[in-house]
Protein chains: 4
Amino acid sequence: MTFSALDSELTGPLFASAGMRAAFSDRARIEAMLRAEAALAAAESSAGLAPKGLAAAIGKITADDLDLAAIGARAGDAGVLTIPFVQAVEAKLPANLRGHFHYGATSQDILDTAMVLQMRAGLDLIEAEISAIVAGLTKLATAHRKTPMVGRSYGQHAAPISFGFAVATWLSGIGEVGAGLPRVRERALVASLGGPVGTLAALGNKGPAVVAAFAKELGLAAPPIAWHVTRARLAETGAWLGLLIGALAKMATDVVHLASTEVGEVAEPHVAGRGGSSAMPHKRNPISATVILAAHGAAGGHVATLINAMAAADQRPAGAWHAEWHALPQLFGLASGALREARRLAVGLTVDKARMRTNLDLTRGLLFADAVASALAPKLGRDAAHRIVEKAADAVRETGMTLREVLAKNATLPKADLDAAFDLTPAVDAAAVMTDRALAEAKAAVRALTAKRKGR
Amino acid sequence: MTFSALDSELTGPLFASAGMRAAFSDRARIEAMLRAEAALAAAESSAGLAPKGLAAAIGKITADDLDLAAIGARAGDAGVLTIPFVQAVEAKLPANLRGHFHYGATSQDILDTAMVLQMRAGLDLIEAEISAIVAGLTKLATAHRKTPMVGRSYGQHAAPISFGFAVATWLSGIGEVGAGLPRVRERALVASLGGPVGTLAALGNKGPAVVAAFAKELGLAAPPIAWHVTRARLAETGAWLGLLIGALAKMATDVVHLASTEVGEVAEPHVAGRGGSSAMPHKRNPISATVILAAHGAAGGHVATLINAMAAADQRPAGAWHAEWHALPQLFGLASGALREARRLAVGLTVDKARMRTNLDLTRGLLFADAVASALAPKLGRDAAHRIVEKAADAVRETGMTLREVLAKNATLPKADLDAAFDLTPAVDAAAVMTDRALAEAKAAVRALTAKRKGR
Amino acid sequence: MTFSALDSELTGPLFASAGMRAAFSDRARIEAMLRAEAALAAAESSAGLAPKGLAAAIGKITADDLDLAAIGARAGDAGVLTIPFVQAVEAKLPANLRGHFHYGATSQDILDTAMVLQMRAGLDLIEAEISAIVAGLTKLATAHRKTPMVGRSYGQHAAPISFGFAVATWLSGIGEVGAGLPRVRERALVASLGGPVGTLAALGNKGPAVVAAFAKELGLAAPPIAWHVTRARLAETGAWLGLLIGALAKMATDVVHLASTEVGEVAEPHVAGRGGSSAMPHKRNPISATVILAAHGAAGGHVATLINAMAAADQRPAGAWHAEWHALPQLFGLASGALREARRLAVGLTVDKARMRTNLDLTRGLLFADAVASALAPKLGRDAAHRIVEKAADAVRETGMTLREVLAKNATLPKADLDAAFDLTPAVDAAAVMTDRALAEAKAAVRALTAKRKGR
Amino acid sequence: MTFSALDSELTGPLFASAGMRAAFSDRARIEAMLRAEAALAAAESSAGLAPKGLAAAIGKITADDLDLAAIGARAGDAGVLTIPFVQAVEAKLPANLRGHFHYGATSQDILDTAMVLQMRAGLDLIEAEISAIVAGLTKLATAHRKTPMVGRSYGQHAAPISFGFAVATWLSGIGEVGAGLPRVRERALVASLGGPVGTLAALGNKGPAVVAAFAKELGLAAPPIAWHVTRARLAETGAWLGLLIGALAKMATDVVHLASTEVGEVAEPHVAGRGGSSAMPHKRNPISATVILAAHGAAGGHVATLINAMAAADQRPAGAWHAEWHALPQLFGLASGALREARRLAVGLTVDKARMRTNLDLTRGLLFADAVASALAPKLGRDAAHRIVEKAADAVRETGMTLREVLAKNATLPKADLDAAFDLTPAVDAAAVMTDRALAEAKAAVRALTAKRKGR
């Protein structure tokens with residue numbers, strides 16, 4: 001284990017996806033910084049502020065050309081990563097270009113823009129996972145629109161639903177947050193370029209033009225004013241990742257409960273060797289849900305850190321900006337693992353319909369007590385109906401008979417009404433109606449997501 | 001002090017606005033619950049599921065008719081607020097209507113919908129404050145587009161900006177979060193109605209129609225599926241409030257520093273008796289900034305609580321839902337105080353232009369060392385220029401003379417170039433350009449905000 | 001609902017105890033401030049710095065003599081509670097004493113000391129609850145030392161334990177945090193007196209003597225140096241409350257699961273009208289656990305707020321100190337409700353031993369697969385034993401027979417070894433041994449707690 | 001950058017110490033797991049439950065013998081790190097010992113115990129840093145006991161103190177948290193061994209003896225009962241680290257302000273190439289304070305995560321335990337960097353006494369207005385004295401003269417009393433008295449710390 005379980009060779013593969021680990025690697029970081037510097041050179045060159053060949057010369061340098069450990073060691077002394085980075089890159093440039101490198105920019109311009117480029121890669125990975133999860137849950141909810149299942153509140157049996165309805169709830173929760181992705185992209189994928197105090201004064205009156213060209217070069221939006229100390233873009237992205245993990249955690253919470261030995265209504269998809277216990281060969285632990293819930297446990301704290309970091313002093317703060325580095329990338333890492341596991345659940349959850357049916361009867365019909373009282377009320381009067389049902393319920397608890405059996409002994413009760421009251425169909429039909437509405441909503445959300453992307 | 005400083009008779013007036021305190025009072029809560037019940041009755045009555053007169057009968061009951069302390073005491077025993085509330089209201093209804101009250105609904109339907117109604121009132125208050133702050137900061141930034149001021153990073157003088165630019169940064173930060181309000185309304189102002197397990201099964205096939213009518217009655221959107229356990233609507237609203245307070249905290253952080261005795265560039269608006277010290281009569285403490293920063297200190301934790309609460313089990317959780325009550329209303333309270341104080345700052349900040357100009361010279365011209373070296377480079381060569389400036393900077397530190405004075409002794413240096421290098425105009429002009437861009441952005445944001453509202 | 005659910009007339013009785021609500025009421029706050037002022041007067045008078053009669057004159061004033069709402073309104077304007085408070089109290093004093101009131105002190109001295117006095121009352125309430133919980137759980141664990149129950153990990157049946165062992169784990173978790181109370185008292189119950197910048201310069205060389213007398217007067221410890229800006233005392237207290245609520249939440253989490261319909265091994269103590277549902281008459285919701293888990297959901301955020309507030313600038317910060325008021329009292333409120341409900345569980349939990357026994361058999365003996373393989377290994381060889389058990393386990397899953405039944409068909413297997421392998425006794429005995437160790441630890445912890453208190 | 005800035009080759013050297021990075025490396029993790037397994041074998045062997053040679057055989061295996069990446073990849077599939085670890089180690093053991101390896105233990109036993117061993121190494125590093133900081137601050141406070149400086153509240157000049165008093169406040173804040181280290185060790189350095197459900201049933205009646213031997217072998221304490229699901233030990237350690245970072249952040253907050261260009265009273269120790277800016281050659285940024293404040297920004301969230309993780313279900317939770325891995329090691333990493341930088345400040349801070357004296361006069365004597373009024377009161381009467389001073393203060397603001405100069409014009413005022421009122425000595429002496437008290441407290445704290453360690 002390293003400080004973060006996400007970065008460890010031992011635990012990283014479990015908690016974060018390989019793609020996201022690559023997107024937030026040191027190497028990817030350096031590549032993004034190089035890309036930002038090259039874009040700056042190109043933008044300045046088009047404004048006549050840098051020699052034509054500079055961007056191309058930077059473009060030839062890769063992370064392999066640089067000694068990352070040496071840069072890191074010097075950054076530890078200097079206190080800022082960009083200084084040794086700029087020196088190392090400059091040393092690789094032809095002598096005549098060196099003086100023009102990084103012109104007019106400040107450390108934060110390069111570091112923030114590089115972070116945005118990494119975030120863009122991360123958001124692309126996330127979009128793919130969300131789409132797959134929505135597709136998987138859509139299929140699952142559709143298949144089980146009318147699979148009877150007990151609804152639970154406070155851990156107690158409450159009233160019948162369908163399993164499809166339960167899945168549709170997960171789908172709705174994940175879809176409604178996922179649908180916010182285009183807005184997150186709009187807010188977050190913005191270049192950072194302001195120079196030492198945000199005014200780009202070194203570029204004379206060409207500041208806005210260079211910002212525009214810089215952003216365009218990178219496929220990012222150009223900010224109206226430097227965002228060195230207005231950090232809502234990042235805090236908002238982090239909050240969205242927290243919400244996304246939260247929506248996944250709802251599903252994971254349910255999976256752990258539904259997969260518990262006593263409930264047994266679902267099981268995580270079987271993967272050889274997964275979820276076993278070193279000591280207990282009969283077990284199949286809900287590993288996917290565990291990864292999601294662990295991510296959820298850590299997410300809220302990181303979001304709070306980002307919100308706290310918004311109080312950035314003056315034109316650059318001492319600490320608030322740096323605190324973001326301790327939080328934002330980890331939210332991407334946590335989300336990547338949680339999404340990968342949620343996709344596994346969405347496409348592969350094992351469902352035990354028979355067990356769902358069995359569990360519905362666990363309370364021996366008491367689940368229907370309310371419906372029975374309502375059904376008898378028109379004929380017997382509300383109070384009499386209630387008294388009869390209450391007494392019958394007591395008998396159920398005392399004798400172990402079912403409510404139906406107890407009531408059947410009373411020949412005066414209208415059998416047809418009782419049949420109707422114990423009929424699961426209306427409850428399940430009502431659940432299916434709501435399921436269908438959630439499915440339609442999810443479809444629209446995904447369509448919007450895709451449309452936005454196509455239009456990029 | 002009560003448990004929350006926001007609720008205290010002693011400290012509440014300082015930390016929360018009177019309007020928000022009313023919107024989240026117990027009385028407002030009960031009124032919102034009554035309103036939700038009346039809307040439910042009206043919706044059910046239009047679907048033939050409730051007697052016509054029920055809604056009107058509920059509508060006649062007000063908080064004054066109910067004994068809130070008694071309801072609270074019984075809720076403490078029952079564990080749920082709605083049960084004694086329903087009983088108390090039912091007792092006020094004509095006997096023939098009683099059995100139809102609260103039909104098909106569950107506690108959470110009424111409590112969630114009431115919370116949404118309170119949030120709507122809260123968001124209206126917030127919108128008004130944001131508009132006033134944006135207007136105030138727009139005026140302030142415009143007035144000081146070209147007021148020279150030193151830009152600071154890590155607490156150190158860095159390079160010149162204008163005070164208008166600093167204000168435009170605040171404006172941009174608050175405006176970009178404020179612009180998210182329409183989306184927050186869209187996400188949050190949604191009715192909650194699902195019955196015991198979210199399916200509205202008791203209403204037969206009329207569930208969706210009743211939800212639609214219920215929502216319309218209240219001026220809220222209708223959800224496709226119950227959101228009893230998909231809580232992103234609330235967590236997202238809470239996160240937005242956290243971001244908003246964060247954006248205000250950026251301004252407040254700057255105000256505390258700029259108003260400090262040594263800097264003295266701004267002061268909080270003078271209000272008789274405000275900001276004085278019981279022991280030190282010469283002081284004027286930045287009270288508005290203090291209120292904002294205290295709100296910011298508490299906001300992140302509440303947002304984390306809401307994100308954590310998203311892991312809501314099954315069809316209703318034991319605890320996750322209730323944890324929201326410990327967090328969400330307080331974010332409204334904290335925001336109300338922070339916004340009120342931010343408005344005071346935005347419209348009334350005292351600016352000391354002369355002090356800003358004086359502070360620019362505190363480093364005796366070293367602020368311009370970089371510009372001087374650049375200005376001399378074309379004629380003397382880059383390295384020679386640098387050596388000259390470095391030596392001159394040493395002399396500044398040793399002798400107490402200004403950089404200009406030191407350099408003036410060297411007759412060989414081109415005076416015109418020096419004049420240009422020490423000229424604040426280009427830096428301030430660059431700041432003004434960015435200021436104008438931020439002003440345009442803020443104008444568009446507010447227009448969008450207003451347009452949306454008008455279209456409601 | 002007010003901003004905090006703890007302060008609401010409607011929800012406060014559910015979420016906080018009546019005693020704690022009184023201890024943190026506005027009235028208690030004012031009384032504590034008056035007490036601090038009287039102690040200051042007494043201390044100064046004994047040092048010859050205040051007239052003899054001042055303390056007595058202050059002592060005659062009560063909260064009833066002051067208009068709290070008016071003080072609050074003026075504090076909202078002034079920005080500091082103490083200024084209008086001092087003026088209001090001064091006005092009640094004989095004219096000749098007025099000029100000596102609050103001499104040499106600063107606002108924070110009185111507010112911090114008053115908070116400490118409220119905390120002392122709160123900690124006394126908490127100690128009583130912890131003692132009752134430990135006593136209740138001790139009795140429960142003792143009674144069920146050997147009541148067989150299935151142990152679960154990841155929600156899956158793992159291996160047998162005893163219910164007493166499960167309870168002993170709760171007890172150990174609550175006891176080990178509770179045992180920290182004496183240290184919390186030692187750290188937190190310290191008077192605050194430093195004057196405007198912490199040096200008590202106005203008192204000449206009598207500062208330390210007055211601090212000592214002031215603290216003694218209040219039954220508090222005297223700090224070596226003012227703690228206006230070293231806030232670990234409060235953050236540490238808050239963290240301890242968070243840990244305490246966390247330990248209670250472990251028990252509550254288990255209770256919700258064990259009380260769920262499918263598990264049914266425990267139920268919250270029956271209280272007429274409690275835990276019912278407005279829509280589902282057959283339910284008994286775990287309300288106590290819900291209150292505890294809601295408190296836990298909110299606690300972490302408050303602790304983070306207090307840790308963040310430690311970065312208090314200079315000799316008094318603008319915001320960090322005030323943020324504490326948004327967090328610390330609520331932790332006392334949340335703890336009070338959580339403790340009250342935990343006590344209910346500890347002394348009244350309904351235990352269903354038969355259901356525990358039944359649940360042990362839910363996997364039809366697979367729980368013993370490991371033990372069986374071990375038991376057969378000496379005679380059959382390890383690999384052969386494993387193969388036999390694996391095959392038998394498959395038959396269990398396919399046929400619905402128990403593992404014992406399947407294995408009984410194989411006449412060659414040594415019956416005595418099988419009997420031993422399926423015997424719960426060794427597992428339950430091992431659990432009882434650990435239970436006894438935890439009981440001894442808890443006994444020692446409580447004894448230490450009581451000893452410390454007696455010695456105060 | 002990796003997900004955590006602490007783990008990055010690029011930013012890790014800045015934010016975490018080399019020693020702590022080694023203590024929490026993957027390699028150290030594996031070594032600690034091997035050490036735990038060897039201790040288990042030794043303990044079991046002494047109880048006759050494992051072959052004599054097993055511990056020695058395990059002891060010969062090192063991290064170099066294992067393919068960490070392969071173990072990590074398989075853990076990603078299996079969901080638990082211990083399973084592939086156990087298999088990999090087992091494969092390295094002589095065939096006859098294999099079946100006895102990891103006997104009776106569960107994954108969590110090894111992972112928790114390994115974490116405790118890493119924490120022990122981390123706490124040793126932390127103790128050394130705390131001692132060095134306390135020593136450095138003690139020297140600094142002693143040297144400046146009577147160096148006059150202005151005290152500030154809310155960023156405003158308040159009254160004179162000494163710089164030594166300000167340092168003594170830092171010292172007191174850090175020392176009081178640091179003094180908690182022995183208790184943290186006592187609470188945290190406890191072995192974890194419970195087997196699958198915490199009862200060690202597989203060891204028959206030898207469980208307690210094996211736990212005792214296991215713990216002794218590792219130099220850890222033995223728990224009375226398994227702490228698989230009572231996590232206060234870890235949450236408490238994390239909270240303490242958060243408090244420690246919070247105490248350091250108080251000092252860092254002050255350093256940033258005192259080192260700001262306008263205040264200029266201190267500067268971070270000069271290190272060649274450190275704190276420079278890529279764009280602004282004249283700057284010296286407070287890098288040490290920045291590292292500390294960034295750590296502080298992230299700490300609170302991690303502490304909240306650990307408190308939330310205490311709600312660990314049953315005998316092992318699905319997620320709560322794993323969330324700890326996302327938080328606890330990072331608190332050690334953050335603390336290590338913050339402590340290293342705090343030590344740099346404590347031993348090397350540059351102090352500008354002249355500037356402190358100059359700043360005292362910034363308000364041209366208004367700082368003494370209160371003292372002057374008090375000094376004149378006996379002779380002129382309180383009201384008259386006040387009126388005179390108020391008028392004089394107005395003149396100070398209008399004319400730019402000092403208060404002393406203005407008052408000197410009024411020949412009727414007693415010069416000796418004025419001299420006394422403007423004399424810094426009493427204020428500075430009062431500060432020195434408090435400084436000495438804090439120094440004595442710190443000395444005692446360190447002595448206790450050292451004594452405990454020696455006694456280990």
# chains A, B, ... in the order shown; residues from 1 in each chain; ligands from 1
>>> select_by_dssp(residues="stretch 38-99 of chain A", states="alpha helix (DSSP H)", output="VMD selection string")
chain A and resid 38 to 46 54 to 59 68 to 78 82 to 92 95 to 98
>>> residues_around(residues="C:Lys415", least_positions_apart="4", cutoff="12 Å", atoms="only C-alpha atoms", output="ChimeraX atom specification")
/C:372,375-376,404-405,407-411,419-422
>>> residues_around(residues="D:Gly333", least_positions_apart="3", cutoff="7 Å", atoms="only C-alpha atoms", output="PyMOL selection string")
(chain A and resi 3) or (chain D and resi 6+16+20+329-330+336-337)
>>> residues_around(residues="B:Asp67", least_positions_apart="4", cutoff="12 Å", atoms="only C-alpha atoms", output="list in words")
Asp26, Arg27, Ile30, Thr62, Ala63, Ile71, Gly72, Ala73, Arg74, Pro84, Phe85, Gln87, Ala88, Val89 and Lys92 of chain B; Glu9 and Leu10 of chain C
>>> residues_around(residues="stretch 93-99 of chain B", least_positions_apart="5", cutoff="12 Å", atoms="only C-alpha atoms", output="PDB file with C-alpha atoms, in the first residue's frame")
ATOM      1  CA  SER A 374     -59.593  -2.133   2.942  1.00  0.00           C
ATOM      2  CA  ALA A 377     -64.460  -2.356   4.720  1.00  0.00           C
ATOM      3  CA  GLY A 381     -67.713  -1.256   7.763  1.00  0.00           C
ATOM      4  CA  ARG A 382     -64.273   0.169   8.375  1.00  0.00           C
ATOM      5  CA  ASP A 383     -64.024  -0.447  12.097  1.00  0.00           C
TER       6      ASP A 383
ATOM      7  CA  ALA B  38     -54.191  19.747   0.741  1.00  0.00           C
ATOM      8  CA  ALA B  41     -56.450  15.773  -1.399  1.00  0.00           C
ATOM      9  CA  SER B  45     -60.297  14.307  -5.535  1.00  0.00           C
ATOM     10  CA  LEU B  49     -60.204   9.051  -5.053  1.00  0.00           C
ATOM     11  CA  ALA B  50     -61.127  11.585  -2.394  1.00  0.00           C
ATOM     12  CA  PRO B  51     -64.205  13.578  -1.517  1.00  0.00           C
ATOM     13  CA  LYS B  52     -64.432  17.004  -3.144  1.00  0.00           C
ATOM     14  CA  GLY B  53     -64.449  18.997   0.070  1.00  0.00           C
ATOM     15  CA  LEU B  54     -61.337  17.489   1.615  1.00  0.00           C
ATOM     16  CA  ALA B  55     -58.758  19.848   0.120  1.00  0.00           C
ATOM     17  CA  ALA B  56     -60.752  22.890   1.131  1.00  0.00           C
ATOM     18  CA  ALA B  57     -61.206  21.559   4.634  1.00  0.00           C
ATOM     19  CA  ILE B  58     -57.478  20.996   4.996  1.00  0.00           C
ATOM     20  CA  GLY B  59     -56.850  24.421   3.526  1.00  0.00           C
ATOM     21  CA  LYS B  60     -58.698  26.002   6.409  1.00  0.00           C
ATOM     22  CA  ILE B  61     -56.340  24.555   8.996  1.00  0.00           C
ATOM     23  CA  ASP B  65     -54.693  25.420  14.989  1.00  0.00           C
ATOM     24  CA  VAL B  86     -51.670  13.314  10.631  1.00  0.00           C
ATOM     25  CA  GLN B  87     -53.595  12.493  13.789  1.00  0.00           C
ATOM     26  CA  ALA B  88     -53.680  16.114  14.879  1.00  0.00           C
ATOM     27  CA  GLY B 104     -52.214   6.345  -0.144  1.00  0.00           C
TER      28      GLY B 104
END
>>> interface_residues(of="chain A", to="chain B", cutoff="6 Å", atoms="only C-alpha atoms", output="NGL selection string")
:A and (151-154 or 173 or 197 or 199 or 201 or 224-225 or 230 or 246 or 249-250 or 253-254 or 300 or 304 or 307 or 310-318 or 427 or 430-431 or 434 or 437-438)
>>> select_by_dssp(residues="stretch 129-210 of chain B", states="strand (DSSP E)", output="ChimeraX atom specification")
/B:148-153,156-162
>>> write_last_selection(atoms="all heavy atoms", output="PDB file, in the first residue's frame")
ATOM      1  N   PRO B 148      -5.117  51.273 -10.002  1.00  0.00           N
ATOM      2  CA  PRO B 148      -3.948  50.412  -9.825  1.00  0.00           C
ATOM      3  C   PRO B 148      -3.877  49.805  -8.426  1.00  0.00           C
ATOM      4  O   PRO B 148      -4.169  50.469  -7.431  1.00  0.00           O
ATOM      5  CB  PRO B 148      -2.761  51.355 -10.065  1.00  0.00           C
ATOM      6  CG  PRO B 148      -3.329  52.531 -10.768  1.00  0.00           C
ATOM      7  CD  PRO B 148      -4.738  52.669 -10.288  1.00  0.00           C
ATOM      8  N   MET B 149      -3.459  48.591  -8.391  1.00  0.00           N
ATOM      9  CA  MET B 149      -3.385  47.823  -7.134  1.00  0.00           C
ATOM     10  C   MET B 149      -2.324  46.756  -7.349  1.00  0.00           C
ATOM     11  O   MET B 149      -2.085  46.346  -8.491  1.00  0.00           O
ATOM     12  CB  MET B 149      -4.747  47.166  -6.899  1.00  0.00           C
ATOM     13  CG  MET B 149      -4.838  46.284  -5.669  1.00  0.00           C
ATOM     14  SD  MET B 149      -6.428  45.380  -5.733  1.00  0.00           S
ATOM     15  CE  MET B 149      -6.323  44.459  -4.197  1.00  0.00           C
ATOM     16  N   VAL B 150      -1.716  46.320  -6.282  1.00  0.00           N
ATOM     17  CA  VAL B 150      -0.738  45.258  -6.465  1.00  0.00           C
ATOM     18  C   VAL B 150      -1.441  43.901  -6.453  1.00  0.00           C
ATOM     19  O   VAL B 150      -2.358  43.679  -5.657  1.00  0.00           O
ATOM     20  CB  VAL B 150       0.365  45.330  -5.378  1.00  0.00           C
ATOM     21  CG1 VAL B 150      -0.160  44.927  -4.009  1.00  0.00           C
ATOM     22  CG2 VAL B 150       1.560  44.472  -5.777  1.00  0.00           C
ATOM     23  N   GLY B 151      -1.030  43.022  -7.350  1.00  0.00           N
ATOM     24  CA  GLY B 151      -1.503  41.640  -7.314  1.00  0.00           C
ATOM     25  C   GLY B 151      -0.597  40.836  -6.406  1.00  0.00           C
ATOM     26  O   GLY B 151       0.601  41.096  -6.308  1.00  0.00           O
ATOM     27  N   ARG B 152      -1.190  39.901  -5.684  1.00  0.00           N
ATOM     28  CA  ARG B 152      -0.417  39.147  -4.695  1.00  0.00           C
ATOM     29  C   ARG B 152      -0.566  37.645  -4.919  1.00  0.00           C
ATOM     30  O   ARG B 152      -1.650  37.167  -5.214  1.00  0.00           O
ATOM     31  CB  ARG B 152      -0.913  39.478  -3.288  1.00  0.00           C
ATOM     32  CG  ARG B 152      -0.738  40.935  -2.870  1.00  0.00           C
ATOM     33  CD  ARG B 152      -1.567  41.266  -1.650  1.00  0.00           C
ATOM     34  NE  ARG B 152      -1.315  42.624  -1.166  1.00  0.00           N
ATOM     35  CZ  ARG B 152      -2.087  43.676  -1.452  1.00  0.00           C
ATOM     36  NH1 ARG B 152      -3.165  43.543  -2.230  1.00  0.00           N
ATOM     37  NH2 ARG B 152      -1.795  44.866  -0.974  1.00  0.00           N
ATOM     38  N   SER B 153       0.531  36.951  -4.746  1.00  0.00           N
ATOM     39  CA  SER B 153       0.421  35.489  -4.725  1.00  0.00           C
ATOM     40  C   SER B 153       1.223  34.972  -3.540  1.00  0.00           C
ATOM     41  O   SER B 153       2.270  35.514  -3.202  1.00  0.00           O
ATOM     42  CB  SER B 153       0.872  34.873  -6.045  1.00  0.00           C
ATOM     43  OG  SER B 153       2.212  35.105  -6.308  1.00  0.00           O
ATOM     44  N   GLN B 156       2.607  37.424  -1.198  1.00  0.00           N
ATOM     45  CA  GLN B 156       3.698  38.292  -1.635  1.00  0.00           C
ATOM     46  C   GLN B 156       3.261  39.164  -2.801  1.00  0.00           C
ATOM     47  O   GLN B 156       2.494  38.723  -3.665  1.00  0.00           O
ATOM     48  CB  GLN B 156       4.883  37.425  -2.115  1.00  0.00           C
ATOM     49  CG  GLN B 156       5.337  36.379  -1.118  1.00  0.00           C
ATOM     50  CD  GLN B 156       5.998  36.987   0.091  1.00  0.00           C
ATOM     51  OE1 GLN B 156       6.943  37.748  -0.051  1.00  0.00           O
ATOM     52  NE2 GLN B 156       5.480  36.683   1.273  1.00  0.00           N
ATOM     53  N   HIS B 157       3.798  40.371  -2.828  1.00  0.00           N
ATOM     54  CA  HIS B 157       3.559  41.215  -3.997  1.00  0.00           C
ATOM     55  C   HIS B 157       4.079  40.502  -5.248  1.00  0.00           C
ATOM     56  O   HIS B 157       5.185  39.968  -5.250  1.00  0.00           O
ATOM     57  CB  HIS B 157       4.292  42.549  -3.844  1.00  0.00           C
ATOM     58  CG  HIS B 157       3.581  43.488  -2.931  1.00  0.00           C
ATOM     59  ND1 HIS B 157       3.822  44.843  -2.916  1.00  0.00           N
ATOM     60  CD2 HIS B 157       2.600  43.279  -2.022  1.00  0.00           C
ATOM     61  CE1 HIS B 157       3.040  45.427  -2.019  1.00  0.00           C
ATOM     62  NE2 HIS B 157       2.294  44.488  -1.453  1.00  0.00           N
ATOM     63  N   ALA B 158       3.261  40.512  -6.294  1.00  0.00           N
ATOM     64  CA  ALA B 158       3.656  39.765  -7.486  1.00  0.00           C
ATOM     65  C   ALA B 158       3.782  40.689  -8.707  1.00  0.00           C
ATOM     66  O   ALA B 158       4.845  40.800  -9.302  1.00  0.00           O
ATOM     67  CB  ALA B 158       2.640  38.664  -7.767  1.00  0.00           C
ATOM     68  N   ALA B 159       2.721  41.360  -9.067  1.00  0.00           N
ATOM     69  CA  ALA B 159       2.745  42.252 -10.228  1.00  0.00           C
ATOM     70  C   ALA B 159       1.490  43.113 -10.152  1.00  0.00           C
ATOM     71  O   ALA B 159       0.519  42.755  -9.471  1.00  0.00           O
ATOM     72  CB  ALA B 159       2.755  41.431 -11.519  1.00  0.00           C
ATOM     73  N   PRO B 160       1.467  44.240 -10.871  1.00  0.00           N
ATOM     74  CA  PRO B 160       0.306  45.131 -10.752  1.00  0.00           C
ATOM     75  C   PRO B 160      -0.948  44.570 -11.428  1.00  0.00           C
ATOM     76  O   PRO B 160      -0.872  43.903 -12.456  1.00  0.00           O
ATOM     77  CB  PRO B 160       0.765  46.417 -11.472  1.00  0.00           C
ATOM     78  CG  PRO B 160       2.255  46.294 -11.600  1.00  0.00           C
ATOM     79  CD  PRO B 160       2.551  44.828 -11.685  1.00  0.00           C
ATOM     80  N   ILE B 161      -2.069  44.855 -10.819  1.00  0.00           N
ATOM     81  CA  ILE B 161      -3.380  44.601 -11.429  1.00  0.00           C
ATOM     82  C   ILE B 161      -4.200  45.870 -11.210  1.00  0.00           C
ATOM     83  O   ILE B 161      -3.645  46.910 -10.885  1.00  0.00           O
ATOM     84  CB  ILE B 161      -4.088  43.388 -10.757  1.00  0.00           C
ATOM     85  CG1 ILE B 161      -4.255  43.618  -9.239  1.00  0.00           C
ATOM     86  CG2 ILE B 161      -3.316  42.106 -11.007  1.00  0.00           C
ATOM     87  CD1 ILE B 161      -5.115  42.574  -8.537  1.00  0.00           C
ATOM     88  N   SER B 162      -5.501  45.775 -11.409  1.00  0.00           N
ATOM     89  CA  SER B 162      -6.364  46.875 -10.967  1.00  0.00           C
ATOM     90  C   SER B 162      -7.304  46.318  -9.906  1.00  0.00           C
ATOM     91  O   SER B 162      -7.560  45.113  -9.859  1.00  0.00           O
ATOM     92  CB  SER B 162      -7.167  47.449 -12.137  1.00  0.00           C
ATOM     93  OG  SER B 162      -8.184  46.555 -12.535  1.00  0.00           O
TER      94      SER B 162
END
>>> closest_residue(among="B:Leu40, B:Ile126, B:Ala114, B:Ala75", to="B:Phe214", atoms="only C-alpha atoms")
B:Leu40
